[in-house]
>>> print(open('coords38.cif').read())   # mmCIF, C-alpha atoms and all ligand atoms
data_protein
loop_
_atom_site.label_atom_id
_atom_site.label_comp_id
_atom_site.auth_asym_id
_atom_site.auth_seq_id
_atom_site.Cartn_x
_atom_site.Cartn_y
_atom_site.Cartn_z
CA MET A 2 -2.09 -27.37 -33.83
CA ALA A 3 -4.01 -24.74 -31.93
CA VAL A 4 -2.49 -24.08 -28.51
CA ARG A 5 -5.05 -23.80 -25.73
CA ARG A 6 -5.06 -20.31 -24.26
CA PRO A 7 -5.16 -20.25 -20.46
CA LYS A 8 -8.43 -19.33 -18.81
CA VAL A 9 -7.65 -16.15 -16.88
CA ILE A 10 -10.36 -14.96 -14.50
CA VAL A 11 -9.91 -11.26 -13.78
CA THR A 12 -11.68 -10.33 -10.57
CA ARG A 13 -12.05 -6.55 -11.10
CA LYS A 14 -12.35 -4.09 -13.98
CA LEU A 15 -8.85 -3.13 -15.19
CA PRO A 16 -7.82 -0.26 -17.50
CA ASP A 17 -9.25 -0.72 -21.02
CA THR A 18 -5.87 -1.17 -22.74
CA VAL A 19 -4.98 -3.92 -20.27
CA GLU A 20 -8.26 -5.73 -20.77
CA THR A 21 -7.96 -5.49 -24.56
CA ARG A 22 -4.49 -7.06 -24.50
CA MET A 23 -5.66 -9.74 -22.07
CA ARG A 24 -8.45 -10.66 -24.48
CA GLU A 25 -5.93 -10.97 -27.31
CA LEU A 26 -3.54 -13.18 -25.37
CA PHE A 27 -5.69 -15.24 -23.05
CA ASP A 28 -9.12 -16.77 -22.67
CA ALA A 29 -9.83 -13.82 -20.41
CA ARG A 30 -13.02 -13.66 -18.34
CA LEU A 31 -13.40 -10.00 -17.41
CA ASN A 32 -15.46 -8.36 -14.69
CA LEU A 33 -17.00 -5.62 -16.77
CA ASP A 34 -19.40 -4.22 -14.17
CA ASP A 35 -16.60 -4.21 -11.55
CA GLN A 36 -18.62 -5.64 -8.67
CA PRO A 37 -16.17 -7.14 -6.12
CA MET A 38 -16.51 -10.93 -6.31
CA SER A 39 -18.47 -12.65 -3.55
CA ARG A 40 -16.90 -15.59 -1.74
CA GLU A 41 -19.05 -17.95 -3.84
CA ALA A 42 -17.96 -16.31 -7.09
CA LEU A 43 -14.33 -16.47 -6.03
CA LEU A 44 -14.75 -20.13 -5.13
CA GLY A 45 -16.21 -20.80 -8.57
CA ALA A 46 -13.30 -18.92 -10.12
CA VAL A 47 -10.53 -20.87 -8.37
CA LYS A 48 -12.26 -24.12 -9.28
CA GLU A 49 -12.31 -23.45 -13.03
CA ALA A 50 -9.47 -21.00 -13.83
CA ASP A 51 -5.89 -21.64 -14.90
CA VAL A 52 -4.97 -18.18 -13.65
CA ILE A 53 -6.67 -15.78 -11.26
CA ALA A 54 -5.79 -12.10 -11.78
CA CYS A 55 -6.86 -10.70 -8.44
CA THR A 56 -6.66 -7.52 -6.38
CA ILE A 57 -6.60 -6.41 -2.77
CA THR A 58 -10.40 -6.75 -2.61
CA ASP A 59 -10.18 -10.55 -2.96
CA ARG A 60 -9.38 -12.65 0.09
CA ILE A 61 -7.44 -15.63 -1.28
CA ASP A 62 -6.97 -17.55 1.96
CA ALA A 63 -5.88 -21.14 2.69
CA ASP A 64 -9.49 -22.37 2.73
CA LEU A 65 -10.15 -20.98 -0.74
CA ILE A 66 -6.86 -22.31 -2.08
CA ALA A 67 -7.65 -25.78 -0.65
CA GLN A 68 -10.77 -25.82 -2.84
CA ALA A 69 -9.00 -24.71 -6.03
CA GLY A 70 -9.25 -26.93 -9.09
CA GLU A 71 -6.31 -28.88 -10.48
CA SER A 72 -5.98 -26.37 -13.30
CA LEU A 73 -5.20 -23.36 -11.09
CA LYS A 74 -1.48 -22.73 -11.48
CA LEU A 75 -0.99 -18.98 -11.07
CA ILE A 76 -2.39 -16.22 -8.87
CA ALA A 77 -1.29 -13.00 -10.61
CA ASN A 78 -1.99 -10.16 -8.23
CA PHE A 79 -2.71 -6.66 -9.57
CA GLY A 80 -0.83 -4.77 -6.83
CA ALA A 81 2.40 -4.98 -4.87
CA GLY A 82 1.07 -6.02 -1.45
CA VAL A 83 0.04 -9.68 -1.17
CA ASP A 84 -1.22 -9.79 2.41
CA HIS A 85 -4.66 -10.83 1.12
CA ILE A 86 -3.20 -14.01 -0.39
CA ASP A 87 -1.98 -17.02 1.60
CA VAL A 88 1.26 -17.40 -0.33
CA ALA A 89 2.46 -20.41 1.72
CA ALA A 90 -0.82 -22.29 1.14
CA ALA A 91 -0.54 -21.55 -2.59
CA ALA A 92 3.07 -22.82 -2.67
CA GLU A 93 2.00 -26.06 -0.98
CA ARG A 94 -0.48 -26.64 -3.79
CA GLY A 95 2.17 -25.79 -6.41
CA ILE A 96 0.39 -22.54 -7.32
CA LEU A 97 2.65 -19.59 -8.19
CA VAL A 98 1.92 -16.10 -6.87
CA THR A 99 3.12 -12.93 -8.62
CA ASN A 100 2.70 -9.22 -7.88
CA THR A 101 3.45 -5.87 -9.53
CA PRO A 102 6.33 -4.17 -7.71
CA GLY A 103 8.20 -1.09 -8.90
CA VAL A 104 5.58 0.53 -11.11
CA LEU A 105 3.63 2.12 -8.26
CA THR A 106 6.62 3.25 -6.20
CA GLU A 107 6.83 6.87 -7.31
CA ASP A 108 3.07 7.48 -7.20
CA THR A 109 2.74 6.03 -3.71
CA ALA A 110 5.71 8.12 -2.54
CA ASP A 111 4.11 11.24 -4.07
CA LEU A 112 0.90 10.58 -2.17
CA THR A 113 2.86 10.06 1.04
CA LEU A 114 4.40 13.51 0.69
CA ALA A 115 1.00 14.94 -0.23
CA LEU A 116 -0.42 13.58 3.04
CA MET A 117 2.52 14.98 5.04
CA MET A 118 1.88 18.40 3.51
CA ALA A 119 -1.88 18.15 3.87
CA VAL A 120 -1.64 17.43 7.59
CA SER A 121 1.26 19.79 8.38
CA ARG A 122 -0.18 22.71 6.44
CA ARG A 123 -3.87 21.99 7.16
CA ILE A 124 -4.65 21.88 3.45
CA VAL A 125 -7.94 20.01 3.69
CA GLU A 126 -9.20 22.15 6.58
CA GLY A 127 -8.30 25.29 4.63
CA ALA A 128 -9.81 24.01 1.39
CA ASN A 129 -13.05 23.18 3.18
CA VAL A 130 -13.27 26.74 4.56
CA ALA A 131 -12.68 28.22 1.10
CA GLN A 132 -15.10 25.83 -0.66
CA ALA A 133 -17.82 26.59 1.88
CA GLY A 134 -17.46 30.30 1.11
CA ASP A 135 -16.37 30.92 4.72
CA PHE A 136 -13.08 32.71 4.05
CA ALA A 137 -13.45 35.83 6.18
CA GLY A 138 -10.04 37.30 5.28
CA TRP A 139 -6.37 36.79 6.02
CA ALA A 140 -5.28 36.97 9.67
CA PRO A 141 -1.77 36.72 11.15
CA THR A 142 -2.49 33.84 13.52
CA TRP A 143 -5.25 31.97 11.68
CA MET A 144 -4.82 28.42 10.31
CA MET A 145 -1.20 28.11 11.25
CA GLY A 146 0.31 24.75 10.45
CA ARG A 147 3.82 23.42 10.91
CA ARG A 148 6.89 23.74 8.68
CA ILE A 149 8.16 20.60 6.93
CA SER A 150 11.69 21.79 6.25
CA GLY A 151 14.24 20.89 8.91
CA LYS A 152 11.99 18.29 10.53
CA ARG A 153 12.96 14.72 11.30
CA LEU A 154 11.17 12.08 9.27
CA GLY A 155 11.14 8.50 10.58
CA ILE A 156 10.46 5.98 7.81
CA ILE A 157 9.32 2.50 8.84
CA GLY A 158 10.28 0.16 6.00
CA MET A 159 13.09 1.28 3.71
CA GLY A 160 12.26 -0.73 0.61
CA ARG A 161 11.51 0.80 -2.78
CA ILE A 162 8.68 3.04 -1.56
CA GLY A 163 10.44 4.04 1.68
CA GLN A 164 13.49 5.13 -0.31
CA ALA A 165 11.36 7.06 -2.80
CA VAL A 166 9.71 8.86 0.14
CA ALA A 167 13.17 9.61 1.59
CA ARG A 168 14.41 11.12 -1.70
CA ARG A 169 11.43 13.44 -1.85
CA ALA A 170 11.58 14.36 1.84
CA LYS A 171 15.29 15.15 1.54
CA ALA A 172 14.48 17.56 -1.30
CA PHE A 173 12.00 19.24 1.06
CA GLY A 174 14.81 19.77 3.57
CA MET A 175 13.87 17.00 5.99
CA GLN A 176 16.32 14.85 7.93
CA ILE A 177 15.88 11.18 7.12
CA HIS A 178 15.73 8.50 9.81
CA TYR A 179 14.59 4.94 9.22
CA HIS A 180 13.84 1.62 10.84
CA ASN A 181 14.08 -1.51 8.71
CA ARG A 182 14.90 -5.20 9.11
CA LYS A 183 18.33 -4.44 7.67
CA GLN A 184 20.32 -1.34 6.86
CA VAL A 185 20.34 0.03 3.33
CA SER A 186 23.69 0.05 1.51
CA SER A 187 26.13 2.75 2.58
CA ARG A 188 25.82 4.29 -0.91
CA ILE A 189 22.06 4.77 -0.46
CA ALA A 190 22.43 5.86 3.18
CA ASP A 191 25.00 8.48 2.14
CA GLU A 192 22.93 9.68 -0.79
CA LEU A 193 19.90 10.16 1.47
CA GLY A 194 21.87 11.26 4.53
CA ALA A 195 19.79 8.61 6.31
CA THR A 196 20.25 7.53 9.94
CA TYR A 197 19.42 3.89 10.77
CA TRP A 198 17.60 3.02 13.99
CA GLU A 199 17.66 -0.62 14.98
CA SER A 200 15.24 0.24 17.77
CA LEU A 201 11.89 1.43 16.47
CA ASP A 202 10.98 2.66 19.95
CA GLN A 203 13.99 4.93 20.09
CA MET A 204 13.34 6.34 16.63
CA LEU A 205 9.67 7.05 17.36
CA ALA A 206 10.53 9.13 20.41
CA ARG A 207 12.79 11.39 18.36
CA VAL A 208 11.01 12.09 15.07
CA ASP A 209 8.49 14.76 14.04
CA ILE A 210 6.78 12.77 11.29
CA VAL A 211 6.46 8.99 10.94
CA SER A 212 5.81 7.38 7.56
CA VAL A 213 4.71 3.75 7.39
CA ASN A 214 6.11 2.11 4.25
CA CYS A 215 6.59 -1.55 5.16
CA PRO A 216 4.47 -4.49 3.99
CA HIS A 217 1.80 -5.98 6.25
CA THR A 218 3.00 -9.37 7.51
CA PRO A 219 2.41 -11.22 10.80
CA ALA A 220 5.57 -9.45 12.06
CA THR A 221 4.29 -5.94 11.24
CA TYR A 222 0.68 -6.35 12.41
CA HIS A 223 0.05 -3.47 14.89
CA LEU A 224 3.73 -2.58 14.78
CA LEU A 225 2.53 0.88 15.76
CA SER A 226 0.73 -0.41 18.84
CA ALA A 227 -0.89 1.83 21.47
CA ARG A 228 2.31 1.58 23.52
CA ARG A 229 4.50 2.64 20.61
CA LEU A 230 2.16 5.45 19.49
CA LYS A 231 2.46 6.89 22.99
CA LEU A 232 6.23 7.19 22.49
CA LEU A 233 5.65 9.88 19.85
CA GLN A 234 6.09 13.53 20.73
CA PRO A 235 2.82 15.53 21.01
CA HIS A 236 3.59 17.53 17.86
CA ALA A 237 4.23 14.35 15.83
CA ILE A 238 2.32 13.35 12.70
CA VAL A 239 1.72 9.78 11.47
CA VAL A 240 1.34 9.01 7.76
CA ASN A 241 0.34 5.60 6.45
CA THR A 242 0.24 4.68 2.76
CA ALA A 243 1.13 0.99 3.32
CA ARG A 244 -1.53 -1.09 5.11
CA GLY A 245 -3.98 -0.17 7.84
CA GLU A 246 -3.24 -3.28 9.88
CA ILE A 247 0.25 -1.99 10.71
CA ILE A 248 -1.25 0.63 13.06
CA ASP A 249 -3.61 0.03 15.97
CA GLU A 250 -6.19 2.30 14.34
CA SER A 251 -8.46 2.56 17.35
CA ALA A 252 -5.55 3.62 19.60
CA LEU A 253 -4.43 6.13 16.98
CA ALA A 254 -7.91 7.65 16.81
CA ASP A 255 -8.02 8.01 20.61
CA LEU A 256 -4.60 9.70 20.71
CA LEU A 257 -5.53 12.06 17.86
CA LYS A 258 -8.74 13.00 19.64
CA ALA A 259 -6.87 13.60 22.90
CA GLY A 260 -4.24 15.69 21.07
CA THR A 261 -1.50 13.36 22.30
CA ILE A 262 -0.53 12.99 18.63
CA ALA A 263 -0.85 16.15 16.51
CA GLY A 264 -2.13 14.68 13.26
CA ALA A 265 -2.43 11.75 10.88
CA GLY A 266 -2.58 11.28 7.12
CA LEU A 267 -4.07 7.90 6.28
CA ASP A 268 -4.59 6.36 2.85
CA VAL A 269 -5.21 2.86 4.21
CA PHE A 270 -7.34 1.45 7.01
CA GLU A 271 -7.39 -1.57 9.24
CA PHE A 272 -10.81 -2.83 8.13
CA GLU A 273 -11.06 -1.45 4.58
CA PRO A 274 -13.32 -0.19 3.20
CA THR A 275 -14.74 0.53 6.66
CA ILE A 276 -13.05 3.46 8.36
CA ASN A 277 -13.05 3.52 12.14
CA PRO A 278 -15.90 5.94 13.04
CA LYS A 279 -13.64 7.49 15.68
CA LEU A 280 -11.45 8.85 12.86
CA LEU A 281 -14.32 10.42 10.96
CA GLY A 282 -14.68 14.13 11.50
CA LEU A 283 -11.37 14.58 13.34
CA PRO A 284 -9.94 17.88 12.06
CA ASN A 285 -6.37 16.64 12.52
CA ALA A 286 -6.86 13.50 10.40
CA VAL A 287 -6.64 13.61 6.61
CA LEU A 288 -8.25 10.45 5.24
CA LEU A 289 -8.00 9.19 1.66
CA PRO A 290 -9.70 6.14 0.13
CA HIS A 291 -6.60 4.02 -0.72
CA LEU A 292 -5.35 6.16 -3.62
CA GLY A 293 -1.61 5.38 -3.41
CA SER A 294 -1.33 3.82 -6.86
CA ALA A 295 -4.39 5.50 -8.34
CA THR A 296 -2.84 7.11 -11.42
CA VAL A 297 -3.61 6.14 -15.00
CA GLU A 298 0.10 5.44 -15.48
CA ALA A 299 0.55 3.18 -12.45
CA ARG A 300 -2.66 1.25 -12.98
CA THR A 301 -1.79 0.67 -16.65
CA GLU A 302 1.74 -0.45 -15.82
CA MET A 303 0.42 -2.69 -13.05
CA GLY A 304 -1.84 -4.32 -15.63
CA GLU A 305 1.09 -4.72 -18.02
CA LYS A 306 3.04 -6.46 -15.27
CA VAL A 307 0.15 -8.82 -14.63
CA ILE A 308 0.11 -9.65 -18.35
CA ILE A 309 3.89 -10.16 -18.48
CA ASN A 310 3.74 -12.49 -15.48
CA ILE A 311 0.93 -14.57 -17.01
CA LYS A 312 2.46 -14.63 -20.49
CA THR A 313 5.88 -15.65 -19.20
CA TRP A 314 4.32 -18.48 -17.20
CA MET A 315 2.21 -19.49 -20.22
CA ASP A 316 5.37 -19.68 -22.34
CA GLY A 317 6.95 -22.06 -19.85
CA HIS A 318 9.28 -19.60 -18.14
CA ARG A 319 9.50 -18.29 -14.60
CA PRO A 320 7.33 -15.18 -14.17
CA PRO A 321 9.55 -12.22 -13.26
CA ASP A 322 7.60 -11.06 -10.20
CA ARG A 323 7.19 -14.29 -8.26
CA VAL A 324 6.42 -13.85 -4.57
CA LEU A 325 7.92 -16.56 -2.37
CA ALA A 326 6.61 -17.30 1.11
CA GLY A 327 10.14 -16.89 2.51
CA MET A 328 10.30 -13.30 1.19
CA LEU A 329 7.46 -12.13 3.43
C1 LIG B 401 -3.13 -1.28 -5.17
C2 LIG B 401 -1.63 -1.32 -3.11
O1 LIG B 401 -3.91 -0.41 -5.84
O2 LIG B 401 -0.21 -2.37 -4.66
C3 LIG B 401 -0.60 -2.31 -3.53
O3 LIG B 401 -0.16 -3.06 -2.65
O4 LIG B 401 -1.82 -1.12 -1.98
C4 LIG B 401 -2.48 -0.54 -4.04
O5 LIG B 401 -1.81 0.60 -4.40
C5 LIG B 401 -3.99 -2.43 -4.69
O6 LIG B 401 -3.26 -3.31 -3.91
C6 LIG B 401 -4.59 -3.16 -5.85
O7 LIG B 401 -4.69 -4.56 -5.61
#
>>> encode(input="coords38.cif", output="structure tokens")
Amino acid sequence: MAVRRPKVIVTRKLPDTVETRMRELFDARLNLDDQPMSREALLGAVKEADVIACTITDRIDADLIAQAGESLKLIANFGAGVDHIDVAAAAERGILVTNTPGVLTEDTADLTLALMMAVSRRIVEGANVAQAGDFAGWAPTWMMGRRISGKRLGIIGMGRIGQAVARRAKAFGMQIHYHNRKQVSSRIADELGATYWESLDQMLARVDIVSVNCPHTPATYHLLSARRLKLLQPHAIVVNTARGEIIDESALADLLKAGTIAGAGLDVFEFEPTINPKLLGLPNAVLLPHLGSATVEARTEMGEKVIINIKTWMDGHRPPDRVLAGML
């Protein structure tokens, strides 16, 4: 007897190898021209699919989930963060949600360090001068940045990515400080030489660089509020490779412009893909278009995880990367 293959609607273009395997395993409906799905298209998809393989560009909110068809049983997110999915609403309808943790940790941590370097050593400013043919010759006091080694790094969110950032930063000679809901094990704290701060306010006032590495949840929305940003020292740098919503972006832009905060390296924005116009053109802000996991390796492994989650569910088992509302 032929077993019905689940109808998997894939909302964006994924790496070729991933799409090929999806076609072999599932009744996969691919988005070959990669246009982000409109609300109407997404509505049509949740009404007819067994599985939605979605990304950060899809807003899967309670209203959309309420209109899902009886067949929708799994939302398999291509990405680690699930703040664009109403996980509690899905659970109420008996719809599972999965994500792709682990496989983008190292790449996101690499990009975090790249942003720290770029801001501290004025790499983009310097590159722009060279590319424009404006290099007038070496000078002892021109384009001076700040040293990384010996500086205090304050990591907000010491999960997988936060710890990967800490390992790299330690190798660069930085002192590791962190704020997290709970302390890491003493083995990890010892290995990283990491100091725990229960009070975020107290940590912010003492560090040279802040790295945001926590998920965006109702509890972390604007965690770096205007009040907290003002606690930073004037030479401090803020780096964010997590989610834009965690920082009050408008307040950050004002403080960068005023020189109250020395610099920022941002890979994510509060209203993506729109970037606050106040950030554009600031020489002390290095802005990237959400590239944290943008390597061939990570994107392929993310796709493989999506496939494993769907296949495991299809075979009647619990998908390995289930996201539960209580975890957020
Ligand atoms: C992904 C990310 O590329 O995984 C995440 O949470 O932020 C990105 O690196 C994106 O979410 C794809 O859906």
>>> closest_atom_pairs(input="coords38.cif", of="chain A", to="ligand LIG 401 (chain B)", cutoff="7 Å", atoms="all atoms listed in the file", output="Markdown table")
| residue | atom | partner | partner_atom | distance |
| --- | --- | --- | --- | --- |
| A:Thr56 | CA | B:LIG401 | O7 | 3.6 |
| A:Ile57 | CA | B:LIG401 | O7 | 3.9 |
| A:Thr58 | CA | B:LIG401 | O7 | 6.8 |
| A:Asn78 | CA | B:LIG401 | O7 | 6.7 |
| A:Phe79 | CA | B:LIG401 | O7 | 4.9 |
| A:Gly80 | CA | B:LIG401 | O2 | 3.3 |
| A:Ala81 | CA | B:LIG401 | O2 | 3.7 |
| A:Gly82 | CA | B:LIG401 | O3 | 3.4 |
| A:Val83 | CA | B:LIG401 | O3 | 6.8 |
| A:Leu105 | CA | B:LIG401 | O5 | 6.8 |
| A:Ala243 | CA | B:LIG401 | O4 | 6.4 |
| A:His291 | CA | B:LIG401 | O5 | 6.9 |
| A:Leu292 | CA | B:LIG401 | O5 | 6.6 |
| A:Gly293 | CA | B:LIG401 | O5 | 4.9 |
| A:Ser294 | CA | B:LIG401 | O5 | 4.1 |
| A:Ala295 | CA | B:LIG401 | O1 | 6.4 |
>>> closest_residue(input="coords38.cif", among="A:Met144, A:Ile177, A:Thr12, A:Thr218", to="Val130 (chain A)", atoms="only C-alpha atoms")
A:Met144
>>> residues_around(input="coords38.cif", residues="Gln234 (chain A)", least_positions_apart="2", cutoff="10 Å", atoms="all atoms listed in the file", output="list in words")
Leu205, Ala206, Arg207, Val208, Asp209, Ile210, Leu230, Lys231, Leu232, His236, Ala237, Ile238, Thr261, Ile262 and Ala263 of chain A
>>> atom_distance(input="coords38.cif", atom1="CA of Val185 (chain A)", atom2="CA of Val324 (chain A)")
21.2 Å
>>> closest_residue(input="coords38.cif", among="A:Ile189, A:Leu267, A:Leu201, A:Leu224", to="Pro290 (chain A)", atoms="all atoms listed in the file")
A:Leu267
>>> atom_distance(input="coords38.cif", atom1="CA of Thr275 (chain A)", atom2="CA of Asp249 (chain A)")
14.5 Å
>>> residues_around(input="coords38.cif", residues="Ile66 (chain A)", least_positions_apart="3", cutoff="8 Å", atoms="only C-alpha atoms", output="list of chain:residue names")
A:Val47, A:Ile61, A:Asp62, A:Ala63, A:Ala69, A:Ala90, A:Ala91, A:Arg94
>>> closest_residue(input="coords38.cif", among="A:Ser150, A:Thr99, A:Thr296, A:Thr313", to="Leu75 (chain A)", atoms="only C-alpha atoms")
A:Thr99
>>> closest_residue(input="coords38.cif", among="A:Lys14, A:Ala137, A:Ile311, A:His318", to="Ile53 (chain A)", atoms="all atoms listed in the file")
A:Ile311
>>> closest_residue(input="coords38.cif", among="A:Arg60, A:His85, A:Arg244, A:Arg161", to="Asp108 (chain A)", atoms="all atoms listed in the file")
A:Arg161
>>> closest_residue(input="coords38.cif", among="A:Gly70, A:Pro321, A:Gly194, A:Gly138", to="Leu154 (chain A)", atoms="only C-alpha atoms")
A:Gly194
>>> atom_distance(input="coords38.cif", atom1="CA of Ser72 (chain A)", atom2="CA of Cys55 (chain A)")
16.4 Å
>>> residues_around(input="coords38.cif", residues="Thr242 (chain A)", least_positions_apart="2", cutoff="10 Å", atoms="all atoms listed in the file", output="short mmCIF file (atom, residue, chain, number, x, y, z; two decimals) with C-alpha atoms, in the coordinates of the input")
data_model
loop_
_atom_site.label_atom_id
_atom_site.label_comp_id
_atom_site.auth_asym_id
_atom_site.auth_seq_id
_atom_site.Cartn_x
_atom_site.Cartn_y
_atom_site.Cartn_z
CA THR A 109 2.74 6.03 -3.71
CA ALA A 110 5.71 8.12 -2.54
CA LEU A 112 0.90 10.58 -2.17
CA THR A 113 2.86 10.06 1.04
CA LEU A 114 4.40 13.51 0.69
CA LEU A 116 -0.42 13.58 3.04
CA ILE A 162 8.68 3.04 -1.56
CA SER A 212 5.81 7.38 7.56
CA VAL A 213 4.71 3.75 7.39
CA ASN A 214 6.11 2.11 4.25
CA CYS A 215 6.59 -1.55 5.16
CA VAL A 240 1.34 9.01 7.76
CA ARG A 244 -1.53 -1.09 5.11
CA GLY A 245 -3.98 -0.17 7.84
CA GLY A 266 -2.58 11.28 7.12
CA LEU A 267 -4.07 7.90 6.28
CA ASP A 268 -4.59 6.36 2.85
CA VAL A 269 -5.21 2.86 4.21
CA PHE A 270 -7.34 1.45 7.01
CA LEU A 289 -8.00 9.19 1.66
CA HIS A 291 -6.60 4.02 -0.72
CA LEU A 292 -5.35 6.16 -3.62
CA GLY A 293 -1.61 5.38 -3.41
CA SER A 294 -1.33 3.82 -6.86
#
>>> residues_around(input="coords38.cif", residues="Asp255 (chain A)", least_positions_apart="5", cutoff="10 Å", atoms="all atoms listed in the file", output="PyMOL selection string")
chain A and resi 227+250+260-262+279-280
